[in-house]
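Next comes structure.txt, with compact mmCIF, C-alpha atoms and all ligand atoms.
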# COMPACT_ATOMS: atom_id res chain seq x y z
CA MET G 316 23.83 10.50 3.44
CA THR G 317 21.03 12.33 1.69
CA GLU G 318 19.94 15.70 3.04
CA LYS G 319 17.10 15.70 5.54
CA LEU G 320 13.88 16.08 3.57
CA ASN G 321 10.52 17.46 4.65
CA VAL G 322 7.97 15.02 3.30
CA LEU G 323 4.21 15.50 3.29
CA VAL G 324 2.54 12.12 3.76
CA THR G 325 -1.10 12.08 2.67
CA GLY G 326 -3.00 9.29 4.39
CA GLY G 327 -0.26 9.10 7.00
CA ALA G 328 -2.75 7.89 9.61
CA GLY G 329 -3.61 4.86 7.47
CA TYR G 330 -2.05 1.42 7.19
CA ILE G 331 0.73 1.89 4.64
CA GLY G 332 1.09 5.65 5.16
CA SER G 333 1.77 5.22 8.87
CA HIS G 334 4.57 2.75 8.10
CA ALA G 335 6.03 5.25 5.63
CA VAL G 336 6.03 7.84 8.42
CA LEU G 337 8.04 5.43 10.58
CA ALA G 338 10.44 4.63 7.73
CA LEU G 339 11.01 8.36 7.10
CA LEU G 340 11.71 8.98 10.79
CA ASP G 341 14.03 5.97 10.95
CA SER G 342 15.93 7.35 7.91
CA GLY G 343 16.38 10.80 9.42
CA HIS G 344 13.79 12.64 7.32
CA ARG G 345 10.91 14.78 8.62
CA PRO G 346 7.41 13.52 7.82
CA VAL G 347 4.38 15.82 8.02
CA VAL G 348 0.98 14.12 7.90
CA ILE G 349 -2.30 15.16 6.33
CA ASP G 350 -5.22 12.79 6.83
CA ASN G 351 -8.99 13.26 6.93
CA LEU G 352 -9.27 10.43 9.52
CA VAL G 353 -12.13 8.79 7.62
CA THR G 354 -10.35 5.44 7.74
CA GLY G 355 -7.11 6.41 9.49
CA PHE G 356 -6.39 6.83 13.22
CA ARG G 357 -4.86 9.87 14.90
CA TRP G 358 -3.21 7.74 17.58
CA VAL G 359 -0.99 5.94 15.11
CA ILE G 360 0.92 9.14 14.26
CA PRO G 361 4.04 9.30 16.44
CA ASP G 362 4.41 12.12 18.94
CA GLY G 363 6.26 15.08 17.52
CA VAL G 364 5.11 14.54 13.92
CA ALA G 365 3.20 17.55 12.56
CA PHE G 366 -0.38 16.56 11.76
CA TYR G 367 -3.06 18.33 9.75
CA GLU G 368 -6.60 17.00 9.77
CA GLY G 369 -8.05 17.76 6.39
CA ASP G 370 -8.76 16.60 2.91
CA ILE G 371 -6.24 16.42 0.09
CA GLU G 372 -8.80 18.16 -2.09
CA ASP G 373 -8.54 21.32 0.00
CA GLN G 374 -6.06 23.21 -2.15
CA ALA G 375 -5.87 26.23 0.17
CA LEU G 376 -4.92 24.02 3.12
CA PHE G 377 -2.52 22.09 0.95
CA ALA G 378 -0.80 25.25 -0.29
CA LYS G 379 -0.46 26.47 3.29
CA ILE G 380 1.12 23.19 4.46
CA LEU G 381 3.55 23.08 1.53
CA ALA G 382 4.75 26.59 2.33
CA ASP G 383 4.64 26.53 6.15
CA GLU G 384 6.42 23.18 6.40
CA ALA G 385 8.86 23.84 3.52
CA ILE G 386 7.83 20.57 1.92
CA ASP G 387 10.37 18.96 -0.44
CA ALA G 388 8.31 15.98 -1.60
CA VAL G 389 4.89 14.41 -1.25
CA MET G 390 4.14 10.75 -0.58
CA HIS G 391 0.54 10.22 -1.59
CA PHE G 392 -1.27 7.34 0.12
CA ALA G 393 -4.70 8.81 0.80
CA GLY G 394 -7.45 7.10 -1.17
CA SER G 395 -10.07 4.37 -1.25
CA ILE G 396 -8.90 0.79 -1.59
CA VAL G 397 -11.78 -1.71 -1.49
CA VAL G 398 -12.13 -3.38 -4.89
CA PRO G 399 -15.75 -4.67 -4.59
CA GLU G 400 -16.86 -1.27 -3.29
CA SER G 401 -15.27 0.34 -6.36
CA VAL G 402 -17.43 -1.87 -8.57
CA GLU G 403 -20.59 -0.82 -6.72
CA ASN G 404 -19.68 2.83 -6.39
CA PRO G 405 -17.23 3.72 -9.16
CA LEU G 406 -17.75 7.47 -8.87
CA LYS G 407 -16.55 7.39 -5.27
CA TYR G 408 -13.27 5.92 -6.57
CA TYR G 409 -12.95 8.33 -9.49
CA HIS G 410 -13.53 11.12 -6.98
CA ASN G 411 -11.38 9.98 -4.06
CA ASN G 412 -8.57 8.47 -6.09
CA THR G 413 -8.53 10.34 -9.38
CA ALA G 414 -10.21 13.75 -9.04
CA LYS G 415 -8.80 14.50 -5.59
CA THR G 416 -5.36 13.46 -6.76
CA ARG G 417 -5.68 15.80 -9.71
CA ALA G 418 -6.35 18.64 -7.25
CA LEU G 419 -3.40 17.51 -5.15
CA ILE G 420 -1.01 17.40 -8.10
CA GLU G 421 -2.15 20.88 -9.13
CA ALA G 422 -1.38 22.21 -5.64
CA VAL G 423 1.97 20.39 -5.63
CA VAL G 424 3.02 21.92 -8.95
CA ALA G 425 1.72 25.38 -7.97
CA GLY G 426 3.60 25.13 -4.68
CA GLY G 427 6.86 24.34 -6.47
CA VAL G 428 7.22 20.88 -4.92
CA ARG G 429 9.21 18.80 -7.35
CA HIS G 430 8.88 15.20 -6.23
CA MET G 431 6.03 12.82 -5.59
CA ILE G 432 5.72 9.16 -4.67
CA PHE G 433 2.40 7.60 -5.55
CA SER G 434 0.72 4.45 -4.17
CA SER G 435 -0.25 2.57 -7.25
CA THR G 436 -1.31 -1.02 -7.43
CA ALA G 437 -0.93 -4.35 -9.19
CA ALA G 438 -4.66 -3.95 -9.92
CA THR G 439 -3.56 -1.70 -12.81
CA TYR G 440 -2.56 -4.90 -14.66
CA GLY G 441 -5.98 -6.55 -14.40
CA ILE G 442 -5.62 -10.23 -15.20
CA PRO G 443 -2.06 -10.52 -16.46
CA GLN G 444 -1.39 -12.71 -19.45
CA SER G 445 1.65 -14.13 -17.75
CA SER G 446 3.20 -14.09 -14.34
CA PRO G 447 5.54 -12.77 -12.90
CA VAL G 448 4.23 -9.52 -14.32
CA ARG G 449 6.63 -6.85 -15.56
CA GLU G 450 6.01 -3.10 -15.57
CA ASP G 451 5.99 -2.93 -19.37
CA MET G 452 3.22 -5.52 -19.71
CA PRO G 453 -0.27 -4.24 -20.65
CA THR G 454 -2.27 -2.39 -18.01
CA LEU G 455 -5.88 -3.49 -18.41
CA PRO G 456 -7.57 -3.02 -15.02
CA ILE G 457 -10.74 -5.02 -14.45
CA ASN G 458 -12.26 -2.82 -11.74
CA PRO G 459 -12.72 0.90 -11.09
CA TYR G 460 -10.17 0.79 -8.27
CA GLY G 461 -7.41 -0.25 -10.68
CA THR G 462 -8.63 2.21 -13.31
CA SER G 463 -8.75 5.09 -10.84
CA LYS G 464 -5.09 4.46 -9.94
CA LEU G 465 -3.98 3.99 -13.54
CA MET G 466 -5.57 7.33 -14.44
CA THR G 467 -3.40 8.94 -11.79
CA GLU G 468 -0.32 7.29 -13.29
CA PHE G 469 -1.26 8.93 -16.61
CA MET G 470 -1.66 12.33 -14.96
CA LEU G 471 1.72 12.03 -13.29
CA ARG G 472 3.40 11.02 -16.55
CA ASP G 473 1.99 14.04 -18.36
CA VAL G 474 2.68 16.49 -15.55
CA ALA G 475 6.29 15.29 -15.29
CA ALA G 476 6.69 15.92 -19.01
CA ALA G 477 5.28 19.44 -18.75
CA HIS G 478 6.66 20.72 -15.44
CA ASP G 479 9.76 20.71 -13.29
CA PHE G 480 8.59 17.61 -11.46
CA ASN G 481 9.39 13.89 -11.20
CA TYR G 482 7.57 11.00 -9.59
CA CYS G 483 7.73 7.35 -8.65
CA ALA G 484 4.56 5.25 -8.96
CA LEU G 485 4.96 2.09 -6.91
CA ARG G 486 2.65 -0.73 -7.95
CA TYR G 487 1.98 -2.61 -4.74
CA PHE G 488 1.25 -6.32 -4.69
CA ASN G 489 -0.38 -7.80 -1.55
CA VAL G 490 0.71 -5.72 1.40
CA ALA G 491 0.58 -7.41 4.80
CA GLY G 492 2.24 -7.60 8.20
CA ALA G 493 3.02 -4.82 10.66
CA ASP G 494 5.92 -2.81 12.02
CA PRO G 495 8.33 -5.31 13.64
CA GLU G 496 8.65 -2.99 16.65
CA GLY G 497 4.87 -2.88 17.11
CA ARG G 498 4.52 0.85 16.42
CA SER G 499 1.86 0.43 13.70
CA GLY G 500 -0.10 -2.19 11.81
CA GLN G 501 -3.32 -2.69 9.94
CA SER G 502 -6.08 -1.17 12.02
CA THR G 503 -8.72 -0.94 9.30
CA VAL G 504 -12.21 -1.70 10.47
CA GLY G 505 -14.00 -4.28 8.32
CA ALA G 506 -10.83 -5.27 6.44
CA THR G 507 -11.22 -7.74 3.58
CA HIS G 508 -7.62 -8.83 3.09
CA LEU G 509 -6.68 -12.45 3.64
CA ILE G 510 -3.89 -12.19 6.23
CA LYS G 511 -5.80 -9.63 8.28
CA ILE G 512 -8.90 -11.82 8.20
CA GLY G 513 -6.85 -14.88 9.07
CA VAL G 514 -5.23 -13.31 12.14
CA GLU G 515 -8.60 -11.94 13.28
CA ALA G 516 -9.97 -15.48 13.07
CA ALA G 517 -6.94 -16.89 14.86
CA LEU G 518 -7.66 -14.53 17.76
CA GLY G 519 -11.32 -15.52 17.90
CA LYS G 520 -12.64 -12.32 16.31
CA ARG G 521 -14.14 -14.43 13.49
CA GLU G 522 -15.40 -17.99 13.49
CA SER G 523 -13.90 -19.06 10.20
CA VAL G 524 -12.05 -17.97 7.09
CA SER G 525 -13.67 -18.27 3.67
CA VAL G 526 -11.52 -19.67 0.90
CA PHE G 527 -12.71 -17.95 -2.25
CA GLY G 528 -12.28 -20.46 -5.07
CA THR G 529 -10.62 -23.86 -5.08
CA ASP G 530 -10.53 -24.43 -8.84
CA TYR G 531 -7.92 -21.94 -9.95
CA ALA G 532 -5.10 -22.97 -12.25
CA THR G 533 -2.64 -23.14 -9.35
CA GLU G 534 -0.96 -26.03 -7.57
CA ASP G 535 -3.62 -26.44 -4.87
CA GLY G 536 -6.46 -24.71 -6.73
CA THR G 537 -6.55 -21.59 -4.53
CA GLY G 538 -5.45 -18.10 -5.56
CA VAL G 539 -1.76 -17.24 -5.41
CA ARG G 540 -0.55 -13.78 -4.42
CA ASP G 541 2.77 -12.05 -3.81
CA TYR G 542 2.58 -10.94 -0.15
CA ILE G 543 4.98 -8.16 0.77
CA HIS G 544 5.76 -7.01 4.31
CA VAL G 545 4.55 -3.44 4.84
CA SER G 546 7.90 -2.36 6.31
CA ASP G 547 9.77 -3.50 3.18
CA LEU G 548 7.26 -1.53 1.14
CA ALA G 549 7.69 1.54 3.33
CA ALA G 550 11.48 1.29 2.95
CA ALA G 551 11.04 1.22 -0.84
CA HIS G 552 9.28 4.59 -0.58
CA VAL G 553 12.21 6.17 1.22
CA ILE G 554 14.68 4.81 -1.35
CA ALA G 555 12.44 6.07 -4.15
CA LEU G 556 12.28 9.50 -2.51
CA GLU G 557 16.05 9.75 -2.31
CA ALA G 558 16.37 8.58 -5.93
CA LEU G 559 13.91 11.24 -7.13
CA VAL G 560 15.87 13.96 -5.39
CA ALA G 561 19.23 12.65 -6.61
CA ASP G 562 18.07 12.50 -10.24
CA PRO G 563 15.24 14.99 -10.78
CA GLU G 564 15.06 14.29 -14.51
CA THR G 565 13.92 10.70 -14.10
CA SER G 566 10.55 9.28 -13.08
CA HIS G 567 9.77 5.65 -12.32
CA THR G 568 6.88 3.18 -12.38
CA LEU G 569 7.91 0.09 -10.46
CA ASN G 570 6.45 -3.09 -9.05
CA CYS G 571 6.76 -3.67 -5.33
CA GLY G 572 6.58 -7.33 -4.39
CA TYR G 573 8.87 -10.24 -3.57
CA GLY G 574 8.65 -11.99 -6.92
CA HIS G 575 7.12 -15.19 -5.54
CA GLY G 576 3.75 -16.11 -4.15
CA TYR G 577 1.71 -18.21 -1.77
CA SER G 578 -1.72 -19.76 -2.22
CA VAL G 579 -4.63 -19.03 0.13
CA MET G 580 -4.09 -22.48 1.66
CA GLN G 581 -0.38 -21.81 2.20
CA VAL G 582 -1.20 -18.52 3.92
CA LEU G 583 -3.71 -20.21 6.22
CA ASP G 584 -1.18 -23.01 6.89
CA ALA G 585 1.34 -20.34 7.94
CA ILE G 586 -1.19 -18.83 10.37
CA ASP G 587 -1.86 -22.31 11.78
CA ARG G 588 1.88 -22.88 12.17
CA VAL G 589 2.51 -19.60 13.92
CA THR G 590 -0.48 -19.88 16.28
CA ASN G 591 -0.27 -23.65 16.74
CA LYS G 592 -4.02 -23.86 16.12
CA LYS G 593 -6.23 -24.85 13.21
CA LEU G 594 -8.32 -22.20 11.51
CA VAL G 595 -11.77 -23.27 10.36
CA ARG G 596 -11.67 -22.98 6.55
CA LYS G 597 -14.89 -22.64 4.59
CA MET G 598 -14.58 -23.52 0.93
CA GLU G 599 -16.57 -21.09 -1.16
CA GLY G 600 -16.96 -20.00 -4.76
CA ARG G 601 -14.64 -17.60 -6.53
CA ARG G 602 -14.78 -13.91 -5.74
CA ALA G 603 -15.55 -11.80 -8.80
CA GLY G 604 -12.55 -10.46 -10.66
CA ASP G 605 -9.83 -12.43 -8.87
CA PRO G 606 -6.94 -13.60 -11.08
CA ASP G 607 -5.50 -17.10 -10.49
CA SER G 608 -2.09 -15.80 -9.67
CA LEU G 609 -0.54 -12.34 -9.32
CA ILE G 610 3.19 -12.23 -8.83
CA SER G 611 5.57 -9.34 -9.39
CA ASP G 612 8.70 -9.26 -11.40
CA ASN G 613 10.73 -7.07 -9.02
CA SER G 614 13.96 -6.95 -10.99
CA ALA G 615 13.42 -3.30 -11.98
CA ILE G 616 13.14 -1.88 -8.45
CA LYS G 617 16.10 -3.97 -7.33
CA ALA G 618 18.25 -2.88 -10.26
CA ARG G 619 17.32 0.82 -10.16
CA PHE G 620 17.20 1.47 -6.43
CA GLY G 621 19.13 -1.44 -4.98
CA TRP G 622 16.04 -2.27 -2.93
CA GLN G 623 16.52 -5.45 -0.89
CA PRO G 624 13.67 -6.89 1.17
CA ARG G 625 14.35 -7.61 4.83
CA TYR G 626 11.21 -9.53 5.74
CA ASP G 627 10.67 -11.90 2.82
CA ASP G 628 9.33 -14.62 5.10
CA LEU G 629 5.63 -15.49 5.28
CA ASP G 630 5.76 -16.70 8.89
CA LYS G 631 7.38 -13.44 9.94
CA ILE G 632 4.69 -11.44 8.13
CA VAL G 633 2.04 -13.47 9.95
CA ARG G 634 3.80 -13.12 13.33
CA HIS G 635 3.98 -9.35 12.99
CA ALA G 636 0.34 -9.09 11.83
CA LEU G 637 -0.71 -11.24 14.75
CA ALA G 638 1.26 -9.23 17.30
CA TRP G 639 -0.39 -6.04 16.03
CA GLU G 640 -3.86 -7.59 16.05
CA ARG G 641 -3.33 -8.56 19.70
CA GLN G 642 -2.63 -5.01 20.80
CA LEU G 643 -5.14 -3.35 18.51
CA ASP G 644 -8.20 -3.32 20.75
CA GLU G 645 -6.15 -1.84 23.53
CA ARG G 646 -4.76 0.88 21.23
CA ARG G 647 -8.13 1.70 19.75
CA GLY G 648 -9.44 2.52 23.15
CA SER G 649 -6.57 4.91 23.85
N1 LIG G 701 -9.18 -14.51 -0.09
C1 LIG G 701 -9.85 -15.58 0.49
N2 LIG G 701 -10.61 -15.33 1.62
C2 LIG G 701 -10.72 -14.10 2.17
C3 LIG G 701 -10.02 -13.02 1.56
C4 LIG G 701 -9.25 -13.26 0.44
O1 LIG G 701 -9.79 -16.71 0.01
O2 LIG G 701 -11.43 -13.94 3.16
C5 LIG G 701 -8.33 -14.78 -1.25
C6 LIG G 701 -8.64 -13.97 -2.50
O3 LIG G 701 -9.63 -14.60 -3.27
C7 LIG G 701 -7.28 -13.90 -3.18
C8 LIG G 701 -6.30 -13.85 -2.00
O4 LIG G 701 -7.02 -14.39 -0.89
O5 LIG G 701 -7.01 -15.09 -3.89
C9 LIG G 701 -5.86 -12.44 -1.64
O6 LIG G 701 -7.00 -11.60 -1.50
P1 LIG G 701 -6.95 -10.22 -0.77
O7 LIG G 701 -8.36 -9.70 -0.66
O8 LIG G 701 -6.16 -10.33 0.47
O9 LIG G 701 -6.12 -9.28 -1.76
P2 LIG G 701 -6.30 -8.99 -3.32
O10 LIG G 701 -5.38 -9.96 -4.01
O11 LIG G 701 -7.74 -9.14 -3.69
O12 LIG G 701 -5.83 -7.58 -3.44

Would you write out, as structure tokens, the structure that this file holds?
Ligand code: UDP
Amino acid sequence: MTEKLNVLVTGGAGYIGSHAVLALLDSGHRPVVIDNLVTGFRWVIPDGVAFYEGDIEDQALFAKILADEAIDAVMHFAGSIVVPESVENPLKYYHNNTAKTRALIEAVVAGGVRHMIFSSTAATYGIPQSSPVREDMPTLPINPYGTSKLMTEFMLRDVAAAHDFNYCALRYFNVAGADPEGRSGQSTVGATHLIKIGVEAALGKRESVSVFGTDYATEDGTGVRDYIHVSDLAAAHVIALEALVADPETSHTLNCGYGHGYSVMQVLDAIDRVTNKKLVRKMEGRRAGDPDSLISDNSAIKARFGWQPRYDDLDKIVRHALAWERQLDERRGS
């Protein structure tokens, strides 16, 4: 059993960050949350978890938390994540995701914290030349979101070479679902992601679901993605954390996905199956910048960390997302 670690979770009131908090608690570690609550929710942070409302850019606050809470490692989730918005407002992304992270890394190094886990993204690959995509394939992002995250990967690489510090950048594929015990889920207002939109529609919060593009080079013509359950992703963060501590000389950049994908139609079919209803599907044109298919090669994370998914089942992902969506309005009011 690894020692109990004090882990600062930035963005711990957000979708993936809040699941990481749960995974840390479930593994016997002590999460501490910093979140500016711009998109996150205070109520999702479990009772008893130390919480600081503030911005990751605030180096004085950051330094204080690192010292007061005796932080051993940082898991960095805070950031902006909407791809089309990044195209319209790139400087917001270079500020929130790149410049603020630079300030954070500076505070981490100055505070003597030696380990960091970073939320990177499959968007760093852009449109991959082949799929499944491996970590050593070219990173050619096609939007500022992907670029802003890739720039952070570069900073981490260079800082690890220069300082007593190691990191794990996890490149997420399509994260979906919710905590199986119903303790957290995707609460984002105005979400754009397919499964979230689909379950909202299934519960009557939307009239229909748009299918963006039916002429892709895939079996049924709709886009194929590698959907990973958020709790499997959160568990990968805890394993990565323990690996960084066990071997402080080594850093990692690893894909996080299941290694197989589903088309938009297959996802909507799963929602129909689970709800025993039929979603209204509206066929529309392609969304700008969407690749045909984006599937991870996950052999590296499995080989290095022994990571094994527990929820590699689309219907289960949908069931958990749906259960969360049902209780969301109630929670929001609390
Ligand atoms: N998609 C869709 N309708 C929607 C949202 C998404 O057809 O309302 C498609 C999208 O074009 C892509 C897949 O679903 O092929 C996953 O998109 P999402 O926005 O969930 O994640 P992304 O892959 O863009 O990160």

Inset, instruction - May I ask you to write as a list in words all residues lying at most 8 Å from ligand LIG 701 (chain G), with all atoms listed in the file counted? - result: Val398, Ala438, Phe488, Asn489, Thr507, His508, Leu509, Ile510, Lys511, Ile512, Gly513, Val524, Ser525, Val526, Phe527, Gly528, Thr537, Gly538, Val539, Arg540, Ser578, Val579, Arg601, Arg602, Asp605, Pro606, Asp607, Ser608 and Leu609 of chain G

The selected residues should be written to file as an mmCIF file, keeping the file's coordinate frame (atoms: C-alpha atoms).
data_model
loop_
_atom_site.group_PDB
_atom_site.id
_atom_site.type_symbol
_atom_site.label_atom_id
_atom_site.label_comp_id
_atom_site.auth_asym_id
_atom_site.auth_seq_id
_atom_site.Cartn_x
_atom_site.Cartn_y
_atom_site.Cartn_z
ATOM 1 C CA VAL G 398 -12.130 -3.380 -4.890
ATOM 2 C CA ALA G 438 -4.660 -3.950 -9.920
ATOM 3 C CA PHE G 488 1.250 -6.320 -4.690
ATOM 4 C CA ASN G 489 -0.380 -7.800 -1.550
ATOM 5 C CA THR G 507 -11.220 -7.740 3.580
ATOM 6 C CA HIS G 508 -7.620 -8.830 3.090
ATOM 7 C CA LEU G 509 -6.680 -12.450 3.640
ATOM 8 C CA ILE G 510 -3.890 -12.190 6.230
ATOM 9 C CA LYS G 511 -5.800 -9.630 8.280
ATOM 10 C CA ILE G 512 -8.900 -11.820 8.200
ATOM 11 C CA GLY G 513 -6.850 -14.880 9.070
ATOM 12 C CA VAL G 524 -12.050 -17.970 7.090
ATOM 13 C CA SER G 525 -13.670 -18.270 3.670
ATOM 14 C CA VAL G 526 -11.520 -19.670 0.900
ATOM 15 C CA PHE G 527 -12.710 -17.950 -2.250
ATOM 16 C CA GLY G 528 -12.280 -20.460 -5.070
ATOM 17 C CA THR G 537 -6.550 -21.590 -4.530
ATOM 18 C CA GLY G 538 -5.450 -18.100 -5.560
ATOM 19 C CA VAL G 539 -1.760 -17.240 -5.410
ATOM 20 C CA ARG G 540 -0.550 -13.780 -4.420
ATOM 21 C CA SER G 578 -1.720 -19.760 -2.220
ATOM 22 C CA VAL G 579 -4.630 -19.030 0.130
ATOM 23 C CA ARG G 601 -14.640 -17.600 -6.530
ATOM 24 C CA ARG G 602 -14.780 -13.910 -5.740
ATOM 25 C CA ASP G 605 -9.830 -12.430 -8.870
ATOM 26 C CA PRO G 606 -6.940 -13.600 -11.080
ATOM 27 C CA ASP G 607 -5.500 -17.100 -10.490
ATOM 28 C CA SER G 608 -2.090 -15.800 -9.670
ATOM 29 C CA LEU G 609 -0.540 -12.340 -9.320
#

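Among the candidates G:Leu337, G:Pro405, G:Val560, G:Leu455, the residue lying nearest to G:Ile442 is G:Leu455 (atoms considered: only C-alpha atoms).
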
Contact table stretch 511-574 of chain G vs stretch 338-351 of chain G, cut-off 8 Å, shortest pair per residue, only C-alpha atoms, as a Markdown table:
| residue | atom | partner | partner_atom | distance |
| --- | --- | --- | --- | --- |
| G:Ser546 | CA | G:Ala338 | CA | 7.6 |
| G:Ala549 | CA | G:Ala338 | CA | 6.0 |
| G:Ala550 | CA | G:Ala338 | CA | 5.9 |
| G:Val553 | CA | G:Leu339 | CA | 6.4 |

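Interatomic distance, atom CA of G:Ser523 to atom CA of G:Gln642: 20.9 Å.
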
Which residues of stretch 464-570 of chain G sit at most 8 Å from stretch 421-429 of chain G, using all atoms listed in the file? Give each one's shortest atom pair and distance in Å (one decimal place), in chain and ascending residue order, as a Markdown table.
| residue | atom | partner | partner_atom | distance |
| --- | --- | --- | --- | --- |
| G:His478 | CA | G:Val424 | CA | 7.5 |
| G:Asp479 | CA | G:Arg429 | CA | 6.3 |
| G:Phe480 | CA | G:Arg429 | CA | 4.3 |
| G:Asn481 | CA | G:Arg429 | CA | 6.2 |
| G:Pro563 | CA | G:Arg429 | CA | 7.9 |

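Here atom CA of G:Gln581 and atom CA of G:Gly441 stand 23.2 Å from one another.
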
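Closest approach to G:Arg472 from the set G:His567, G:Lys520, G:His544, G:Arg619 is made by G:His567, with distances taken over all atoms listed in the file.
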
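Atom CA of G:Thr325 to atom CA of G:Met390 spans 6.3 Å [interatomic distance, one decimal].
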
Legend entry - Selection: 12 Å around G:Ser333, all atoms listed in the file, excl. self and same-chain fewer than 2 positions, as a PyMOL selection string: chain G and resi 323-331+335-340+346-350+355-361+364+366+390-393+493-494+497-502+545-546+548-549

Could those residues be written to a file, using C-alpha atoms, as a short mmCIF file (atom, residue, chain, number, x, y, z; two decimals), keeping the file's coordinate frame?
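Output saved as again.cif:
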data_model
loop_
_atom_site.label_atom_id
_atom_site.label_comp_id
_atom_site.auth_asym_id
_atom_site.auth_seq_id
_atom_site.Cartn_x
_atom_site.Cartn_y
_atom_site.Cartn_z
CA LEU G 323 4.21 15.50 3.29
CA VAL G 324 2.54 12.12 3.76
CA THR G 325 -1.10 12.08 2.67
CA GLY G 326 -3.00 9.29 4.39
CA GLY G 327 -0.26 9.10 7.00
CA ALA G 328 -2.75 7.89 9.61
CA GLY G 329 -3.61 4.86 7.47
CA TYR G 330 -2.05 1.42 7.19
CA ILE G 331 0.73 1.89 4.64
CA ALA G 335 6.03 5.25 5.63
CA VAL G 336 6.03 7.84 8.42
CA LEU G 337 8.04 5.43 10.58
CA ALA G 338 10.44 4.63 7.73
CA LEU G 339 11.01 8.36 7.10
CA LEU G 340 11.71 8.98 10.79
CA PRO G 346 7.41 13.52 7.82
CA VAL G 347 4.38 15.82 8.02
CA VAL G 348 0.98 14.12 7.90
CA ILE G 349 -2.30 15.16 6.33
CA ASP G 350 -5.22 12.79 6.83
CA GLY G 355 -7.11 6.41 9.49
CA PHE G 356 -6.39 6.83 13.22
CA ARG G 357 -4.86 9.87 14.90
CA TRP G 358 -3.21 7.74 17.58
CA VAL G 359 -0.99 5.94 15.11
CA ILE G 360 0.92 9.14 14.26
CA PRO G 361 4.04 9.30 16.44
CA VAL G 364 5.11 14.54 13.92
CA PHE G 366 -0.38 16.56 11.76
CA MET G 390 4.14 10.75 -0.58
CA HIS G 391 0.54 10.22 -1.59
CA PHE G 392 -1.27 7.34 0.12
CA ALA G 393 -4.70 8.81 0.80
CA ALA G 493 3.02 -4.82 10.66
CA ASP G 494 5.92 -2.81 12.02
CA GLY G 497 4.87 -2.88 17.11
CA ARG G 498 4.52 0.85 16.42
CA SER G 499 1.86 0.43 13.70
CA GLY G 500 -0.10 -2.19 11.81
CA GLN G 501 -3.32 -2.69 9.94
CA SER G 502 -6.08 -1.17 12.02
CA VAL G 545 4.55 -3.44 4.84
CA SER G 546 7.90 -2.36 6.31
CA LEU G 548 7.26 -1.53 1.14
CA ALA G 549 7.69 1.54 3.33
#

Inset, instruction - Have a look at G:Glu640, G:Glu515, G:Glu468, G:Asp562 and name the one nearest to G:Leu583; count all atoms listed in the file. - result: G:Glu515

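Excluding G:Lys593 and any residue on its chain fewer than 3 positions from it, the residues at most 10 Å away by only C-alpha atoms are G:Ala517, G:Leu583, G:Asp584, G:Ile586, G:Asp587, G:Arg588, G:Thr590, G:Arg596.
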
Deliver the residues from the most recent selection as a file, using C-alpha atoms, as an mmCIF file, in the frame of the given file.
data_model
loop_
_atom_site.group_PDB
_atom_site.id
_atom_site.type_symbol
_atom_site.label_atom_id
_atom_site.label_comp_id
_atom_site.auth_asym_id
_atom_site.auth_seq_id
_atom_site.Cartn_x
_atom_site.Cartn_y
_atom_site.Cartn_z
ATOM 1 C CA ALA G 517 -6.940 -16.890 14.860
ATOM 2 C CA LEU G 583 -3.710 -20.210 6.220
ATOM 3 C CA ASP G 584 -1.180 -23.010 6.890
ATOM 4 C CA ILE G 586 -1.190 -18.830 10.370
ATOM 5 C CA ASP G 587 -1.860 -22.310 11.780
ATOM 6 C CA ARG G 588 1.880 -22.880 12.170
ATOM 7 C CA THR G 590 -0.480 -19.880 16.280
ATOM 8 C CA ARG G 596 -11.670 -22.980 6.550
#

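With all atoms listed in the file as the basis for measurement, G:Ser435 is the residue among G:Gln623, G:Ser401, G:Ser435, G:Ser614 that approaches G:Tyr482 most closely.
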
Legend entry - Best match for closeness to G:Gly505 among G:Val397, G:Leu376, G:Ala638, G:Ala551, counting all atoms listed in the file: G:Val397

Inset, instruction - Kindly indicate which residue among G:Leu419, G:Ala437, G:Val474, G:Leu406 lies nearest to G:Ile610, using only C-alpha atoms for the distances. - result: G:Ala437

Legend entry - Test item: residues at most 12 Å from G:Arg449, only C-alpha atoms, excluding those fewer than 3 positions along its chain, as a list in words: Ala437, Thr439, Tyr440, Pro443, Gln444, Ser445, Ser446, Met452, Pro453, Thr454, Arg486, Thr568, Leu569, Asn570, Cys571, Gly572, Gly574, Leu609, Ile610, Ser611, Asp612, Asn613, Ser614, Ala615 and Ile616 of chain G

Could you turn the residues from that selection into a file that holds C-alpha atoms, as a compact mmCIF listing (two decimals), in the coordinates of the input?
# COMPACT_ATOMS: atom_id res chain seq x y z
CA ALA G 437 -0.93 -4.35 -9.19
CA THR G 439 -3.56 -1.70 -12.81
CA TYR G 440 -2.56 -4.90 -14.66
CA PRO G 443 -2.06 -10.52 -16.46
CA GLN G 444 -1.39 -12.71 -19.45
CA SER G 445 1.65 -14.13 -17.75
CA SER G 446 3.20 -14.09 -14.34
CA MET G 452 3.22 -5.52 -19.71
CA PRO G 453 -0.27 -4.24 -20.65
CA THR G 454 -2.27 -2.39 -18.01
CA ARG G 486 2.65 -0.73 -7.95
CA THR G 568 6.88 3.18 -12.38
CA LEU G 569 7.91 0.09 -10.46
CA ASN G 570 6.45 -3.09 -9.05
CA CYS G 571 6.76 -3.67 -5.33
CA GLY G 572 6.58 -7.33 -4.39
CA GLY G 574 8.65 -11.99 -6.92
CA LEU G 609 -0.54 -12.34 -9.32
CA ILE G 610 3.19 -12.23 -8.83
CA SER G 611 5.57 -9.34 -9.39
CA ASP G 612 8.70 -9.26 -11.40
CA ASN G 613 10.73 -7.07 -9.02
CA SER G 614 13.96 -6.95 -10.99
CA ALA G 615 13.42 -3.30 -11.98
CA ILE G 616 13.14 -1.88 -8.45
